[in-house]
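Trainee: Have a peek at upload-v5.csv (CSV, C-alpha atoms).
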chain,number,residue,atom,x,y,z
A,265,MET,CA,96.5,-12.3,-92.0
A,266,ASN,CA,95.5,-14.1,-88.9
A,267,THR,CA,98.1,-15.9,-86.9
A,268,PRO,CA,97.5,-19.5,-85.9
A,269,ARG,CA,96.7,-18.3,-82.4
A,270,GLN,CA,94.1,-15.8,-83.6
A,271,ALA,CA,92.5,-18.4,-85.8
A,272,ALA,CA,92.2,-20.8,-82.9
A,273,ARG,CA,90.6,-18.1,-80.7
A,274,GLN,CA,88.0,-17.4,-83.4
A,275,ARG,CA,87.2,-21.1,-83.7
A,276,ARG,CA,86.6,-21.3,-80.0
A,277,GLN,CA,84.3,-18.2,-80.1
A,278,ARG,CA,82.2,-19.7,-82.9
A,279,ARG,CA,81.9,-22.9,-80.9
A,280,ARG,CA,80.7,-21.0,-77.9
A,281,LEU,CA,78.2,-19.1,-80.0
A,282,ILE,CA,76.8,-22.3,-81.5
A,283,LEU,CA,76.6,-24.0,-78.2
A,284,GLY,CA,75.0,-21.0,-76.6
A,285,GLY,CA,72.4,-20.7,-79.4
A,286,THR,CA,71.7,-24.4,-79.1
A,287,SER,CA,71.3,-24.2,-75.3
A,288,ALA,CA,69.0,-21.3,-75.7
A,289,LEU,CA,66.8,-23.2,-78.2
A,290,ILE,CA,66.7,-26.2,-76.0
A,291,ALA,CA,65.8,-24.0,-72.9
A,292,ALA,CA,63.1,-22.3,-75.0
A,293,GLY,CA,61.7,-25.7,-76.1
A,294,VAL,CA,61.6,-27.0,-72.5
A,295,LEU,CA,59.9,-23.8,-71.3
A,296,ALA,CA,57.3,-24.0,-74.0
A,297,TYR,CA,56.6,-27.6,-73.2
A,298,LEU,CA,56.2,-26.8,-69.5
A,299,VAL,CA,53.9,-23.9,-70.3
A,300,MET,CA,51.7,-26.1,-72.6
A,301,ALA,CA,51.6,-28.8,-70.0
A,302,LEU,CA,50.4,-26.4,-67.3
A,303,LEU,CA,47.7,-24.8,-69.5
A,304,PRO,CA,44.0,-26.2,-68.9
A,305,ASP,CA,42.8,-28.7,-71.5
A,306,ARG,CA,39.6,-27.2,-73.1
A,307,ASP,CA,38.2,-30.5,-74.2
A,308,VAL,CA,38.3,-32.0,-70.7
A,309,ASP,CA,36.8,-28.9,-69.0
A,310,ALA,CA,33.8,-28.8,-71.5
A,311,ARG,CA,32.3,-32.0,-70.2
A,312,PRO,CA,32.1,-31.0,-66.5
A,313,ALA,CA,30.7,-27.7,-67.5
A,314,ALA,CA,27.8,-29.4,-69.3
A,315,ALA,CA,27.2,-31.7,-66.4
A,316,THR,CA,27.1,-28.7,-64.1
A,317,SER,CA,24.5,-27.1,-66.3
A,318,LEU,CA,22.3,-30.3,-66.3
A,319,ALA,CA,22.6,-30.5,-62.5
A,320,THR,CA,21.4,-26.9,-62.2
A,321,THR,CA,18.4,-27.6,-64.4
A,322,ARG,CA,17.3,-30.6,-62.4
A,323,GLY,CA,17.7,-28.5,-59.2
A,324,LYS,CA,15.1,-26.1,-60.6
A,325,ALA,CA,12.8,-29.0,-61.4
A,326,THR,CA,13.2,-30.3,-57.8
A,327,ALA,CA,12.1,-26.9,-56.5
A,328,ALA,CA,9.0,-27.2,-58.6
A,329,GLY,CA,8.1,-30.5,-56.8
A,330,GLU,CA,9.7,-33.1,-59.0
A,331,THR,CA,12.0,-35.8,-57.8
A,332,ASN,CA,15.6,-35.0,-57.1
A,333,THR,CA,16.9,-38.5,-57.8
A,334,PRO,CA,19.7,-38.3,-60.5
A,335,THR,CA,18.8,-40.1,-63.7
A,336,ALA,CA,20.8,-40.9,-66.7
A,337,THR,CA,18.2,-39.5,-69.2
A,338,ALA,CA,15.2,-37.4,-68.8
A,339,SER,CA,11.9,-39.2,-69.5
A,340,PRO,CA,8.2,-38.2,-69.2
A,341,THR,CA,6.4,-39.5,-66.2
A,342,GLY,CA,3.0,-41.3,-66.7
A,343,SER,CA,-0.2,-40.8,-64.8
A,344,PRO,CA,0.0,-41.7,-61.1
A,345,THR,CA,-0.9,-45.4,-60.6
A,346,PRO,CA,-4.2,-45.6,-58.7
A,347,THR,CA,-3.8,-47.2,-55.3
A,348,GLY,CA,-6.6,-48.6,-53.3
A,349,ALA,CA,-9.1,-48.8,-56.2
A,350,ALA,CA,-9.2,-52.6,-56.0
A,351,THR,CA,-9.6,-52.6,-52.3
A,352,THR,CA,-12.7,-50.4,-52.5
A,353,THR,CA,-14.5,-53.4,-54.1
A,354,SER,CA,-13.4,-56.0,-51.5
A,355,ALA,CA,-15.9,-57.3,-49.0
A,356,ARG,CA,-16.0,-55.7,-45.6
A,357,PRO,CA,-18.6,-54.5,-43.2
A,358,SER,CA,-19.6,-50.9,-43.9
A,359,PRO,CA,-22.3,-48.5,-42.9
A,360,THR,CA,-25.4,-49.8,-44.7
A,361,ASP,CA,-27.3,-46.5,-44.9
A,362,THR,CA,-24.5,-44.1,-45.9
A,363,PRO,CA,-24.4,-43.5,-49.7
A,364,ARG,CA,-21.0,-43.9,-51.2
A,365,PRO,CA,-19.7,-42.1,-54.4
A,366,LYS,CA,-21.2,-43.6,-57.5
A,367,GLN,CA,-19.1,-46.3,-59.0
A,368,LYS,CA,-18.9,-47.2,-62.7
A,369,SER,CA,-21.8,-49.5,-63.7
A,370,ALA,CA,-21.1,-53.0,-64.7
A,371,PRO,CA,-21.0,-53.7,-68.4
A,372,ALA,CA,-24.4,-54.0,-70.1
A,373,SER,CA,-23.7,-57.7,-70.8
A,374,GLN,CA,-23.6,-58.2,-67.0
A,375,ALA,CA,-26.3,-55.8,-65.9
A,376,GLY,CA,-28.8,-56.9,-68.5
A,377,ARG,CA,-31.9,-55.0,-69.6
A,378,LEU,CA,-32.3,-53.4,-66.2
A,379,GLN,CA,-30.0,-50.4,-65.9
A,380,PRO,CA,-29.5,-47.9,-63.1
A,381,HIS,CA,-30.5,-44.2,-63.6
A,382,THR,CA,-33.1,-45.3,-66.3
A,383,THR,CA,-36.8,-44.7,-66.3
A,384,TYR,CA,-39.1,-47.4,-67.8
A,385,GLN,CA,-42.7,-47.1,-68.9
A,386,GLY,CA,-45.4,-49.7,-68.7
A,387,VAL,CA,-48.5,-50.7,-66.9
A,388,ALA,CA,-49.2,-52.1,-63.4
A,389,THR,CA,-51.6,-55.0,-62.7
A,390,ALA,CA,-52.2,-56.9,-59.5
A,391,TYR,CA,-52.0,-60.5,-58.3
A,392,GLU,CA,-52.5,-62.5,-55.1
A,393,ALA,CA,-49.0,-62.8,-53.7
A,394,ALA,CA,-49.9,-65.3,-50.9
A,395,ASP,CA,-46.8,-65.6,-48.7
A,396,GLY,CA,-44.7,-63.6,-51.1
A,397,ASP,CA,-42.7,-66.5,-52.5
A,398,GLY,CA,-42.2,-66.7,-56.3
A,399,ALA,CA,-40.0,-67.7,-59.2
A,400,CYS,CA,-36.9,-66.1,-57.6
A,401,LEU,CA,-37.2,-68.8,-54.8
A,402,PHE,CA,-36.4,-66.4,-52.0
A,403,GLY,CA,-39.0,-68.0,-49.8
A,404,PRO,CA,-41.9,-66.4,-47.9
A,405,SER,CA,-41.6,-62.7,-47.4
A,406,PRO,CA,-42.7,-60.8,-44.3
A,407,ASP,CA,-43.0,-57.7,-46.4
A,408,LEU,CA,-45.6,-58.0,-49.2
A,409,MET,CA,-44.5,-54.8,-51.0
A,410,ILE,CA,-43.4,-57.0,-53.8
A,411,ALA,CA,-43.9,-57.5,-57.5
A,412,ALA,CA,-43.5,-59.9,-60.4
A,413,MET,CA,-41.4,-58.6,-63.4
A,414,ASN,CA,-42.4,-59.3,-67.0
A,415,THR,CA,-40.5,-62.1,-68.6
A,416,SER,CA,-38.5,-59.8,-71.0
A,417,ASP,CA,-37.2,-57.6,-68.1
A,418,TYR,CA,-37.0,-60.5,-65.7
A,419,GLU,CA,-34.3,-61.8,-68.1
A,420,THR,CA,-33.5,-65.2,-66.6
A,421,SER,CA,-33.8,-63.9,-63.1
A,422,LYS,CA,-31.4,-60.9,-63.4
A,423,ALA,CA,-34.2,-58.8,-62.0
A,424,CYS,CA,-34.6,-60.9,-58.8
A,425,GLY,CA,-34.1,-58.9,-55.7
A,426,ALA,CA,-34.1,-55.6,-57.4
A,427,TYR,CA,-35.9,-52.7,-55.7
A,428,VAL,CA,-38.1,-50.7,-58.0
A,429,LEU,CA,-39.7,-47.3,-57.4
A,430,VAL,CA,-43.1,-47.3,-59.1
A,431,ARG,CA,-44.9,-44.1,-59.9
A,432,ALA,CA,-48.5,-43.7,-61.0
A,433,ALA,CA,-50.0,-40.9,-63.1
A,434,SER,CA,-51.8,-39.8,-60.0
A,435,GLY,CA,-48.5,-38.9,-58.4
A,436,LYS,CA,-48.6,-41.7,-55.9
A,437,SER,CA,-45.5,-44.0,-55.6
A,438,ILE,CA,-44.4,-47.2,-53.9
A,439,THR,CA,-41.1,-49.1,-53.7
A,440,VAL,CA,-41.4,-52.9,-54.3
A,441,ARG,CA,-38.9,-55.7,-54.4
A,442,ILE,CA,-38.9,-58.2,-57.4
A,443,THR,CA,-39.5,-61.7,-56.1
A,444,ASN,CA,-41.5,-63.2,-59.0
A,445,GLU,CA,-41.8,-63.5,-62.8
A,446,CYS,CA,-44.9,-62.4,-64.7
A,447,PRO,CA,-45.2,-64.6,-67.8
A,448,LEU,CA,-46.9,-63.8,-71.1
A,449,PRO,CA,-49.1,-62.0,-71.8
A,450,CYS,CA,-47.2,-59.6,-69.5
A,451,ALA,CA,-45.5,-57.1,-71.9
A,452,PRO,CA,-42.1,-55.5,-71.6
A,453,GLY,CA,-42.3,-52.7,-69.0
A,454,GLN,CA,-45.2,-54.3,-67.1
A,455,LEU,CA,-45.1,-55.0,-63.4
A,456,ASP,CA,-47.6,-57.3,-61.7
A,457,LEU,CA,-47.8,-55.9,-58.2
A,458,SER,CA,-49.0,-57.7,-55.1
A,459,GLN,CA,-52.5,-56.6,-54.3
A,460,GLN,CA,-51.1,-54.9,-51.2
A,461,ALA,CA,-48.7,-52.8,-53.3
A,462,PHE,CA,-51.2,-52.0,-56.1
A,463,ALA,CA,-53.6,-50.7,-53.5
A,464,GLU,CA,-51.1,-48.0,-52.5
A,465,LEU,CA,-51.4,-46.6,-56.0
A,466,ALA,CA,-55.0,-47.2,-57.0
A,467,ASP,CA,-58.2,-49.0,-56.2
A,468,LEU,CA,-57.9,-52.7,-56.9
A,469,LYS,CA,-61.1,-52.5,-58.9
A,470,VAL,CA,-59.3,-50.4,-61.5
A,471,GLY,CA,-57.1,-53.5,-62.3
A,472,ARG,CA,-54.6,-51.8,-64.6
A,473,ILE,CA,-52.9,-48.4,-64.6
A,474,PRO,CA,-50.1,-46.7,-66.5
A,475,ILE,CA,-46.8,-46.4,-64.6
A,476,THR,CA,-43.2,-45.4,-64.8
A,477,TRP,CA,-40.6,-47.2,-62.7
A,478,SER,CA,-36.8,-47.2,-62.1
A,479,LEU,CA,-34.3,-49.1,-60.0
A,480,VAL,CA,-33.4,-47.7,-56.5
A,481,SER,CA,-30.8,-48.6,-54.0
A,482,PRO,CA,-32.6,-48.4,-50.7
A,483,SER,CA,-31.6,-47.9,-47.1
A,484,THR,CA,-31.3,-51.2,-45.2
A,485,SER,CA,-29.7,-52.5,-42.1
A,486,ASP,CA,-29.7,-56.1,-43.4
A,487,THR,CA,-26.6,-57.9,-44.8
A,488,ILE,CA,-26.5,-60.4,-47.6
A,489,SER,CA,-27.1,-64.2,-47.0
A,490,ILE,CA,-26.0,-67.2,-49.1
A,491,ARG,CA,-28.0,-70.4,-49.6
A,492,TYR,CA,-26.9,-73.6,-51.3
A,493,LYS,CA,-29.7,-75.4,-53.1
A,494,THR,CA,-31.2,-78.6,-52.0
A,495,GLY,CA,-29.1,-81.5,-53.3
A,496,SER,CA,-25.9,-79.5,-53.4
A,497,SER,CA,-22.6,-81.2,-52.6
A,498,ARG,CA,-18.9,-80.9,-53.6
A,499,TYR,CA,-19.8,-82.6,-56.9
A,500,TRP,CA,-22.7,-80.3,-57.9
A,501,CYS,CA,-24.1,-77.2,-56.3
A,502,GLY,CA,-26.5,-74.3,-56.8
A,503,ILE,CA,-25.8,-71.0,-55.0
A,504,GLN,CA,-28.2,-68.2,-54.3
A,505,ALA,CA,-27.7,-64.7,-52.8
A,506,ILE,CA,-30.5,-63.3,-50.7
A,507,GLY,CA,-31.1,-59.8,-49.2
A,508,HIS,CA,-28.8,-57.9,-51.6
A,509,ARG,CA,-29.5,-54.1,-51.8
A,510,ASN,CA,-28.7,-53.9,-55.5
A,511,PRO,CA,-29.3,-56.5,-58.3
A,512,VAL,CA,-26.6,-59.1,-58.6
A,513,ALA,CA,-25.0,-59.1,-62.0
A,514,MET,CA,-22.5,-61.9,-61.5
A,515,LEU,CA,-21.6,-64.7,-59.0
A,516,GLU,CA,-18.2,-66.3,-59.1
A,517,VAL,CA,-16.5,-69.1,-57.1
A,518,ARG,CA,-12.8,-69.5,-56.4
A,519,THR,CA,-11.3,-72.6,-58.0
A,520,THR,CA,-7.7,-73.9,-58.3
A,521,GLY,CA,-7.6,-72.2,-61.7
A,522,GLY,CA,-8.9,-68.8,-60.3
A,523,TRP,CA,-12.3,-67.1,-60.2
A,524,ARG,CA,-15.0,-68.9,-62.2
A,525,ARG,CA,-18.2,-67.3,-63.3
A,526,LEU,CA,-21.3,-69.5,-62.8
A,527,PRO,CA,-24.3,-69.5,-65.1
A,528,ARG,CA,-27.6,-68.3,-63.7
A,529,THR,CA,-30.9,-70.2,-64.0
A,530,SER,CA,-34.4,-68.8,-64.4
A,531,TYR,CA,-35.1,-69.9,-60.8
A,532,ASN,CA,-32.3,-67.6,-59.5
A,533,TYR,CA,-29.6,-70.1,-58.6
A,534,PHE,CA,-26.0,-70.0,-60.0
A,535,ILE,CA,-25.0,-73.5,-60.9
A,536,SER,CA,-21.6,-75.3,-60.8
A,537,ALA,CA,-22.5,-78.5,-62.7
A,538,ASP,CA,-19.2,-80.2,-62.0
A,539,GLY,CA,-18.8,-79.1,-58.4
A,540,GLY,CA,-15.9,-76.7,-59.1
A,541,GLY,CA,-15.8,-74.1,-56.4
A,542,CYS,CA,-18.6,-75.5,-54.3
A,543,GLY,CA,-17.8,-74.6,-50.7
A,544,SER,CA,-15.0,-72.2,-51.6
A,545,ALA,CA,-15.0,-68.4,-51.6
A,546,ILE,CA,-17.8,-66.6,-53.4
A,547,ARG,CA,-17.6,-63.3,-55.2
A,548,LEU,CA,-20.7,-61.2,-55.9
A,549,THR,CA,-20.8,-58.3,-58.4
A,550,ASP,CA,-23.7,-55.9,-58.5
A,551,ILE,CA,-24.9,-53.8,-61.5
A,552,TYR,CA,-22.8,-50.9,-60.3
A,553,GLY,CA,-19.6,-52.9,-60.6
A,554,GLU,CA,-19.0,-53.4,-56.8
A,555,ARG,CA,-17.5,-56.7,-55.8
A,556,LEU,CA,-18.0,-58.4,-52.5
A,557,THR,CA,-15.8,-61.5,-51.6
A,558,ILE,CA,-17.5,-63.9,-49.1
A,559,THR,CA,-15.6,-66.7,-47.3
A,560,GLY,CA,-16.5,-69.2,-44.7
A,561,ILE,CA,-19.7,-70.4,-46.3
A,562,ALA,CA,-20.0,-74.3,-46.2
A,563,VAL,CA,-22.0,-76.4,-48.5
A,564,ARG,CA,-25.1,-76.8,-46.3
A,565,PRO,CA,-28.1,-77.4,-48.6
A,566,ASN,CA,-31.2,-75.2,-48.0
A,567,VAL,CA,-29.7,-73.3,-45.1
A,568,VAL,CA,-29.6,-69.5,-45.1
A,569,GLN,CA,-26.1,-68.5,-44.0
A,570,PRO,CA,-25.7,-64.8,-43.2
A,571,THR,CA,-22.6,-62.8,-44.1
A,572,GLN,CA,-21.2,-59.5,-42.8
A,573,VAL,CA,-21.3,-57.6,-46.1
A,574,GLN,CA,-23.7,-55.5,-48.1
A,575,PHE,CA,-23.5,-53.6,-51.4
A,576,ALA,CA,-23.1,-49.8,-51.2
A,577,ARG,CA,-26.2,-47.5,-51.5
A,578,HIS,CA,-26.5,-45.5,-54.7
Can you present the structure in this file as structure tokens?
Mentor:
Amino acid sequence: MNTPRQAARQRRQRRRLILGGTSALIAAGVLAYLVMALLPDRDVDARPAAATSLATTRGKATAAGETNTPTATASPTGSPTPTGAATTTSARPSPTDTPRPKQKSAPASQAGRLQPHTTYQGVATAYEAADGDGACLFGPSPDLMIAAMNTSDYETSKACGAYVLVRAASGKSITVRITNECPLPCAPGQLDLSQQAFAELADLKVGRIPITWSLVSPSTSDTISIRYKTGSSRYWCGIQAIGHRNPVAMLEVRTTGGWRRLPRTSYNYFISADGGGCGSAIRLTDIYGERLTITGIAVRPNVVQPTQVQFARH
């Protein structure tokens, strides 16, 4: 049997064992906590790893010639935006005899019946051209290699000023400028040539020969001129283009509301019945779609005012 002293000693030993075990458990818990705190967090590291992978991929794209500007999301790039296309149609002096690359033709509604790169069939007759003036109202012509277009193809003066290469069955050919209209009974496809032009293809006594013809864009050192019709003012005006290499498909004037297309008469003037745009900038469009903007033309009735521009050769 234990004495009181032995029992007290045993109690003290048990307390030391309990306290030691508790301390060991606490120390183990603290150590475990510290170890867990120092270990890397997998969820946090996964995101930078993905970002690094994306950056590496974009670096490869940059090496292939793409942009290296960081973007939030990848998106396809569209076709490059054309630059300078509009400026190619603006008015400016240019070599008049150097052919330029072919441009897209104007819509058929603008170009009318006469189309580039098209061959027409018909007959040629002859008339006395006198001083060369005609329905197009260009005035006397120093060059009588001219012709009158049949009413169908004249089409309310759309053919005025066009240069036409005429070929006869004999193989002979001549280039003429359209300055007049040949009324009925002239048939579609028919050209009434000046006697001087007809004589280049056949004897005048023949009177009538089968032909083919097509539009041409000739060499010229001349530039376009503008003329306001007699009676024009800021309240009403008629505007005419003279000396253009290619047929004019459209004439517009600049107004406070923007560009305004003027209607064309059978006598080859474009009319602003209310005076809108009279005396302002003028924009011409040919059947190839080229636009020339002309400024500095005052309303001076029946005065031919030269410009510094000309349509491209095709």
Trainee: Could you give me, as CSV, every region 364-456 of chain A residue with an atom at most 12 Å from region 485-499 of chain A, plus its closest atom pair and distance in Å to one decimal, counting all atoms listed in the file, rows ordered by chain then number?
Mentor:
residue,atom,partner,partner_atom,distance
A:Leu401,CA,A:Lys493,CA,10.1
A:Phe402,CA,A:Arg491,CA,9.6
A:Gly403,CA,A:Arg491,CA,11.3
A:Gly425,CA,A:Ile488,CA,11.2
Trainee: Residues near Tyr531 (chain A), anyone? I mean within 8 Å using only C-alpha atoms, not counting same-chain ones fewer than 4 positions away, as a list in words.
Mentor: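 Returned residues: Ala399, Cys400, Leu401, Thr420 and Ser421 of chain A.
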Trainee: Select, from A:Pro570, A:Gly560, A:Gly453, A:Gly396, the residue with the minimum atom-to-atom distance to Tyr384 (chain A), counting all atoms listed in the file.
Mentor: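 Using all atoms listed in the file, the shortest distance to Tyr384 (chain A) belongs to A:Gly453.
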Trainee: Near Gln460 (chain A), within 12 Å and counting only C-alpha atoms, which residues show up once chain neighbours fewer than 3 positions away are dropped, as a list in words?
Mentor: Thr389, Ala390, Tyr391, Glu392, Ala393, Ala394, Asp395, Gly396, Asp407, Leu408, Met409, Ile410, Ala411, Ile438, Thr439, Val440, Asp456, Leu457, Ala463, Glu464, Leu465, Ala466, Asp467 and Leu468 of chain A
Trainee: Hey, can you check how far CA of Cys501 (chain A) sits from CA of Pro565 (chain A)?
Mentor: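 These two atoms are separated by 8.7 Å.
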Trainee: Name the residues in contact with Thr529 (chain A) at a cut-off of 12 Å, using all atoms listed in the file, excluding same-chain residues fewer than 3 positions from it; report them as a count of residues only.
Mentor: 20
Trainee: For the atom pair CA of Val387 (chain A) and CA of Phe575 (chain A), what is the interatomic distance in Å to one decimal place?
Mentor: 29.6 Å
Trainee: Expressed in Å to a single decimal, how great is the separation between CA of Gln459 (chain A) and CA of Leu479 (chain A)?
Mentor: 20.5 Å
Trainee: Counting only C-alpha atoms, which of A:Ala461, A:Cys542, A:Ala513, A:Ala505 gets nearest to Val568 (chain A)?
Mentor: A:Ala505
Trainee: Looking at A:Asn444, A:Gln385, A:Gln572, A:Gln379, which one is nearest to Ser530 (chain A), with distances taken over only C-alpha atoms?
Mentor: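 Smallest separation from Ser530 (chain A) among the options: A:Asn444.
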Trainee: Under the rule that all atoms listed in the file are counted, which of A:Ile561, A:Cys446, A:Ile506, A:Ala423 is the nearest residue to Gly376 (chain A)?
Mentor: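 With all atoms listed in the file as the atom set, the closest residue is A:Ala423.
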